[in-house]
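J.: What follows is a single structure, and I will ask about it in a moment.
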There are 2 protein chains.
Amino acid sequence: MPKPGPGLRLIDVAQRAGVSLATASRALAGREGVSEEVANRVRQVSAELGYVANPYARTLAGGSSSTVGLIVHQVDDPYFSEIAGGVIQLAGEQGLLVQICHSGRDPEHELRQIRNLIAQRVGIIIVAGSGYGDPRVEAEARTVLAGYQRGGGRVAVIGRHALGADAVLPDNEAGGRALGTHLLELGHRRIALVAGTPELNTVIDRMAGVAAALRSAGLSLDDMPIVHTDFVREGGRTATERILRDHPDTTAIIALNDAMAMGVLAVLREREIPVPDRMSVVGFDDVSVAGDLSPSLTTIRLPMTDMGRMALELALKPQSTRPRRRSTGQQLIVRNSTGPAPF
Amino acid sequence: MPKPGPGLRLIDVAQRAGVSLATASRALAGREGVSEEVANRVRQVSAELGYVANPYARTLAGGSSSTVGLIVHQVDDPYFSEIAGGVIQLAGEQGLLVQICHSGRDPEHELRQIRNLIAQRVGIIIVAGSGYGDPRVEAEARTVLAGYQRGGGRVAVIGRHALGADAVLPDNEAGGRALGTHLLELGHRRIALVAGTPELNTVIDRMAGVAAALRSAGLSLDDMPIVHTDFVREGGRTATERILRDHPDTTAIIALNDAMAMGVLAVLREREIPVPDRMSVVGFDDVSVAGDLSPSLTTIRLPMTDMGRMALELALKPQSTRPRRRSTGQQLIVRNSTGPAPF
DNA sequence: TTGAAAGCGCTAACAT
DNA sequence: ATGTTAGCGCTTTCAA
């Protein structure tokens with residue numbers, strides 16, 4: 001609908017520079033086959049005129065698309081909004097535009113979004129958010145992305161290993177272990193796990209870390225109550241209610257992300273169960289509000305903004321023969337939601 | 001770079017359906033000039049084949065671009081991430097893609113982003129975030145957007161009136177008044193204002209509301225300490241420190257957004273100043289964590305997600321002769337950060 | 001090193 | 001109601 005905006009076309013630049021369309025194109029794209037002198041003149045004229053290529057024409061003609069597609073569960077979930085912030089930041093520096101869409105943590109819907117982005121001919125796709133334990137669920141996405149990559153598209157994923165693409169991997173297992181160790185050191189033995197739905201890889205990995213920590217202390221995760229609910233705040237609420245009802249002697253709750261931890265804290269506050277005096281609570285992610293909660297939350301810090309940047313960085317490099325992997329590191333942040341076991 | 005993805009073109013659909021390119025185009029676009037019967041057949045075939053139009057070709061040929069550009073201060077600021085969530089939600093329902101970029105609350109940078117989006121030929125531009133009191137600062141953006149709209153582009157803004165476009169306007173003044181009234185009713189008389197930078201319209205409007213409430217009680221904002229700092233969490237911290245130092249007898253602090261309120265609460269917590277017993281605190285926006293803070297925050301609720309949806313709704317309607325305006329409503333949410341004045 | 005010309009896949013006049 | 005055709009602005013062979 002919008003008419004030619006600036007209305008400035010490459011041919012205008014070419015004419016002013018006294019060269020042909022082809023030469024102008026080559027000069028601006030920095031391709032070779034143009035003398036330095038002519039190339040400079042063209043670039044100069046282009047800058048003076050404030051010329052910006054029409055991306056539709058460019059892409060249609062076979063040039064590469066300068067937009068990156070980003071799929072997140074929900075942008076208004078702080079974990080994802082921080083990742084998105086990182087992607088947008090770096091994209092801005094590189095002159096790229098970012099298209100964001102929601103997967104709603106639904107593999108079907110996610111697949112649809114991936115297809116959509118491919119149909120939109122974005123040049124880069126970044127998929128953020130946990131993968132699914134069941135490989136069949138992701139098989140199709142993997143296939144589609146493989147085709148896309150074969151066609152020259154670049155893909156990077158955050159927090160999933162099974163997609164055959166460059167990956168930024170949060171240290172979920174190490175983080176889980178750090179949380180478990182922290183609580184054990186405080187003397188807790190009756191620890192409940194507020195976990196997201198068990199199909200999520202993130203949940204599986206974080207649980208494995210906790211299990212490892214328990215094992216080192218001669219304990220087993222199998223003896224602890226584990227409640228699987230949605231991987232969001234409300235899930236944390238539900239799970240906590242169930243734990244308080246079925247395992248009233250629990251002294252510590254591990255929530256596998258900060259969103260769930262917020263739900264946990266909310267229920268404990270309503271029931272007037274003192275944290276950490278009667279119940280310790282830990283989260284995972286260290287979203288930016290974690291330190292402002294009531295009480296401030298002990299959690300594992302993941303560098304979400306950097307993870308977004310890293311993913312785009314990977315995608316910006318030429319494709320490698322084998323998928324690259326970058327792990328993020330993690331750090332235990334002890335705040336006021338954890339204390340010694342009451343008994 | 002990415003090759004034809006599915007490689008499916010409109011002509012393929014047309015052939016399979018046994019019609020011409022033009023007919024297929026008309027049928028899929030829902031334009032008239034095609035018999036119901038043929039149109040259905042084409043749509044059927046298209047669906048079966050999983051055809052998705054190449055948006056670059058479509059836009060280049062003069063069709064309307066199906067992407068909407070959204071400019072926010074920062075996506076990882078909850079206020080904006082919720083707005084973005086609303087926009088993306090509705091966009092998804094409409095089959096549109098959303099390109100997000102950051103303005104960084106810098107008018108120059110914002111202007112650059114607007115230009116960029118126009119150059120990218122997006123069909124719709126949504127600008128979220130406060131405008132600037134000084135009309136000159138926005139004059140250029142206004143001009144650029146006017147040109148864009150003349151060319152058929154659609155624009156909607158959130159939280160600013162001076163851009164000559166359809167606008168979603170938060171009830172900042174009414175909200176400010178509600179906050180002032182609430183504190184006055186609790187008996188507070190020494191109220192300090194933690195305000196964002198005074199160039200922001202949002203700040204000006206919210207302050208005006210507070211001033212009105214005070215006036216109704218025979219008081220004046222001029223007699224209260226007002227500290228202008230950055231409109232973010234850190235600004236709230238700085239301002240609070242200054243207030244505690246210079247006006248130790250203050251009994252209530254009005255922060256003009258929740259981010260600042262979080263900074264206020266953080267400082268009070270560190271100084272062990274009891275909230276609300278010694279100091280009441282209110283915020284503005286009701287970001288989703290407001291209820292989980294320590295203590296939970298009394299604030300003004302704005303329907304951010306809906307505001308995002310509303311903005312896109314406005315932009316989806318054909319342009320009207322005069323800019324449309326929708327106000328959002330607001331609601332005082334009383335939580336645990338406010339209580340009776342201690343003296 | 002440079003230019004001319006053939007598309008990329010679609011929409012929109014213009015014919016029929 | 002349907003088909004034909006001329007572009008949209010660019011990249012990229014292919015010639016010169």
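Residue names in the structure tokens use chain letters A, B, ... in the order shown, residue numbers from 1 in each chain, and ligand numbers from 1 in the order shown.
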Would you kindly return, as a PDB file with N, CA and C atoms (P, O5', C5', C4', C3', O3' and C1' of nucleotides), in the first residue's frame, each protein, DNA or RNA residue with an atom no farther than 10 Å from any atom of DA6 in chain D, considering only C-alpha atoms (C1' of nucleotides) and excluding same-chain residues fewer than 4 positions away?

T.:
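out06.pdb, freshly written:
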```pdb
ATOM      1  P    DA C  12      -3.097  -4.709  -6.395  1.00  0.00           P
ATOM      2  O5'  DA C  12      -3.135  -4.041  -7.836  1.00  0.00           O
ATOM      3  C5'  DA C  12      -1.960  -3.407  -8.343  1.00  0.00           C
ATOM      4  C4'  DA C  12      -2.239  -2.928  -9.735  1.00  0.00           C
ATOM      5  C3'  DA C  12      -3.701  -2.554  -9.985  1.00  0.00           C
ATOM      6  O3'  DA C  12      -3.729  -1.537 -10.962  1.00  0.00           O
ATOM      7  C1'  DA C  12      -3.137  -4.332 -11.374  1.00  0.00           C
ATOM      8  P    DA C  13      -4.828  -0.370 -10.718  1.00  0.00           P
ATOM      9  O5'  DA C  13      -5.057   0.258 -12.146  1.00  0.00           O
ATOM     10  C5'  DA C  13      -5.447  -0.565 -13.172  1.00  0.00           C
ATOM     11  C4'  DA C  13      -4.511  -0.368 -14.340  1.00  0.00           C
ATOM     12  C3'  DA C  13      -5.281  -0.116 -15.626  1.00  0.00           C
ATOM     13  O3'  DA C  13      -4.554   0.682 -16.534  1.00  0.00           O
ATOM     14  C1'  DA C  13      -4.320  -2.314 -15.605  1.00  0.00           C
ATOM     15  P    DC C  14      -5.412   1.360 -17.741  1.00  0.00           P
ATOM     16  O5'  DC C  14      -5.571   0.158 -18.779  1.00  0.00           O
ATOM     17  C5'  DC C  14      -4.395  -0.443 -19.327  1.00  0.00           C
ATOM     18  C4'  DC C  14      -4.773  -1.699 -20.075  1.00  0.00           C
ATOM     19  C3'  DC C  14      -5.995  -1.540 -21.006  1.00  0.00           C
ATOM     20  O3'  DC C  14      -5.602  -1.921 -22.317  1.00  0.00           O
ATOM     21  C1'  DC C  14      -6.139  -3.526 -19.732  1.00  0.00           C
TER      22       DC C  14
END
```

J.: Counting only C-alpha atoms (C1' of nucleotides), which residues of chain A sit at most 9 Å from some atom of chain C, and what is each one's closest atom pair with its distance in Å to one decimal, listed by chain and rising residue number, as a Markdown table?

T.:
```
| residue | atom | partner | partner_atom | distance |
| --- | --- | --- | --- | --- |
| A:Val19 | CA | C:DT2 | C1' | 8.4 |
| A:Ser20 | CA | C:DG3 | C1' | 6.3 |
| A:Leu21 | CA | C:DG3 | C1' | 8.3 |
| A:Ala22 | CA | C:DG3 | C1' | 7.3 |
| A:Thr23 | CA | C:DT2 | C1' | 6.9 |
| A:Gly33 | CA | C:DT1 | C1' | 6.1 |
| A:Val34 | CA | C:DT1 | C1' | 6.0 |
| A:Ser35 | CA | C:DT1 | C1' | 6.7 |
| A:Ala57 | CA | C:DC8 | C1' | 8.5 |
| A:Thr59 | CA | C:DC8 | C1' | 8.4 |
| A:Leu60 | CA | C:DC8 | C1' | 4.9 |
| A:Ala61 | CA | C:DC8 | C1' | 4.6 |
| A:Gly62 | CA | C:DC8 | C1' | 6.6 |
```

J.: Given only C-alpha atoms (C1' of nucleotides), how would the per-residue table for chain A near chain D read, listing every residue at most 12 Å away with its closest atom pair and distance in Å to one decimal, sorted by chain and number, as a Markdown table?

T.:
```
| residue | atom | partner | partner_atom | distance |
| --- | --- | --- | --- | --- |
| A:Lys3 | CA | D:DC8 | C1' | 11.0 |
| A:Pro4 | CA | D:DC8 | C1' | 10.0 |
| A:Gly7 | CA | D:DG9 | C1' | 10.6 |
| A:Leu8 | CA | D:DG9 | C1' | 10.0 |
| A:Arg9 | CA | D:DG9 | C1' | 6.9 |
| A:Leu10 | CA | D:DG9 | C1' | 7.5 |
| A:Ile11 | CA | D:DG9 | C1' | 8.6 |
| A:Asp12 | CA | D:DG9 | C1' | 11.1 |
| A:Leu21 | CA | D:DC10 | C1' | 9.3 |
| A:Ala22 | CA | D:DT11 | C1' | 8.2 |
| A:Thr23 | CA | D:DT11 | C1' | 11.0 |
| A:Ala24 | CA | D:DC10 | C1' | 10.9 |
| A:Ser25 | CA | D:DT11 | C1' | 7.6 |
| A:Arg26 | CA | D:DT11 | C1' | 8.9 |
| A:Leu28 | CA | D:DT11 | C1' | 11.7 |
| A:Ala29 | CA | D:DT11 | C1' | 10.0 |
| A:Arg31 | CA | D:DT11 | C1' | 11.4 |
| A:Val52 | CA | D:DG9 | C1' | 11.5 |
| A:Ala53 | CA | D:DC10 | C1' | 8.2 |
| A:Asn54 | CA | D:DG9 | C1' | 6.8 |
| A:Pro55 | CA | D:DC10 | C1' | 8.5 |
| A:Tyr56 | CA | D:DG9 | C1' | 8.1 |
| A:Ala57 | CA | D:DC10 | C1' | 4.8 |
| A:Arg58 | CA | D:DC10 | C1' | 4.6 |
| A:Thr59 | CA | D:DC10 | C1' | 7.8 |
| A:Leu60 | CA | D:DC10 | C1' | 7.5 |
| A:Ala61 | CA | D:DT11 | C1' | 5.1 |
| A:Gly62 | CA | D:DT11 | C1' | 6.0 |
| A:Gly63 | CA | D:DT11 | C1' | 6.3 |
| A:Ser64 | CA | D:DT11 | C1' | 10.1 |
```

J.: Output the contact residues of chain A with respect to chain B at a cut-off of 8 Å, based on only C-alpha atoms, as a ChimeraX atom specification.

T.: /A:1-6,52-57,59-60,62-65,74-78,81-82,84-85,88-89,92,97-102,118-123,147-149,151-153,262,266,289,292-296

J.: Least-squares fit chain B onto chain A by Cα, in order, and just send back the RMSD.

T.: 0.5 Å

J.: Just the residues within 12 Å of Gly159 in chain A, please, counting only C-alpha atoms (C1' of nucleotides), with nothing from its chain fewer than 6 positions along; format it as number ranges by chain.

T.: A: 72, 79-80, 83, 126-132, 165-173, 200-206, 302, 304, 307-308, 310-311, 325-328

J.: Can you tell me, as a VMD selection string, what residues are no more than 9 Å from range 184-192 of chain A when counting only C-alpha atoms (C1' of nucleotides), ignoring any on the same chain fewer than 2 positions away?

T.: chain A and resid 179 to 182 194 213 to 214 217 219 221 223 to 227 243 247 249 to 255 280 338 to 343

J.: Quick one: pull the distance between CA of Gly283 in chain A and CA of Met207 in chain A, Å, one decimal.

T.: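 CA of Gly283 in chain A sits 12.4 Å away from CA of Met207 in chain A.
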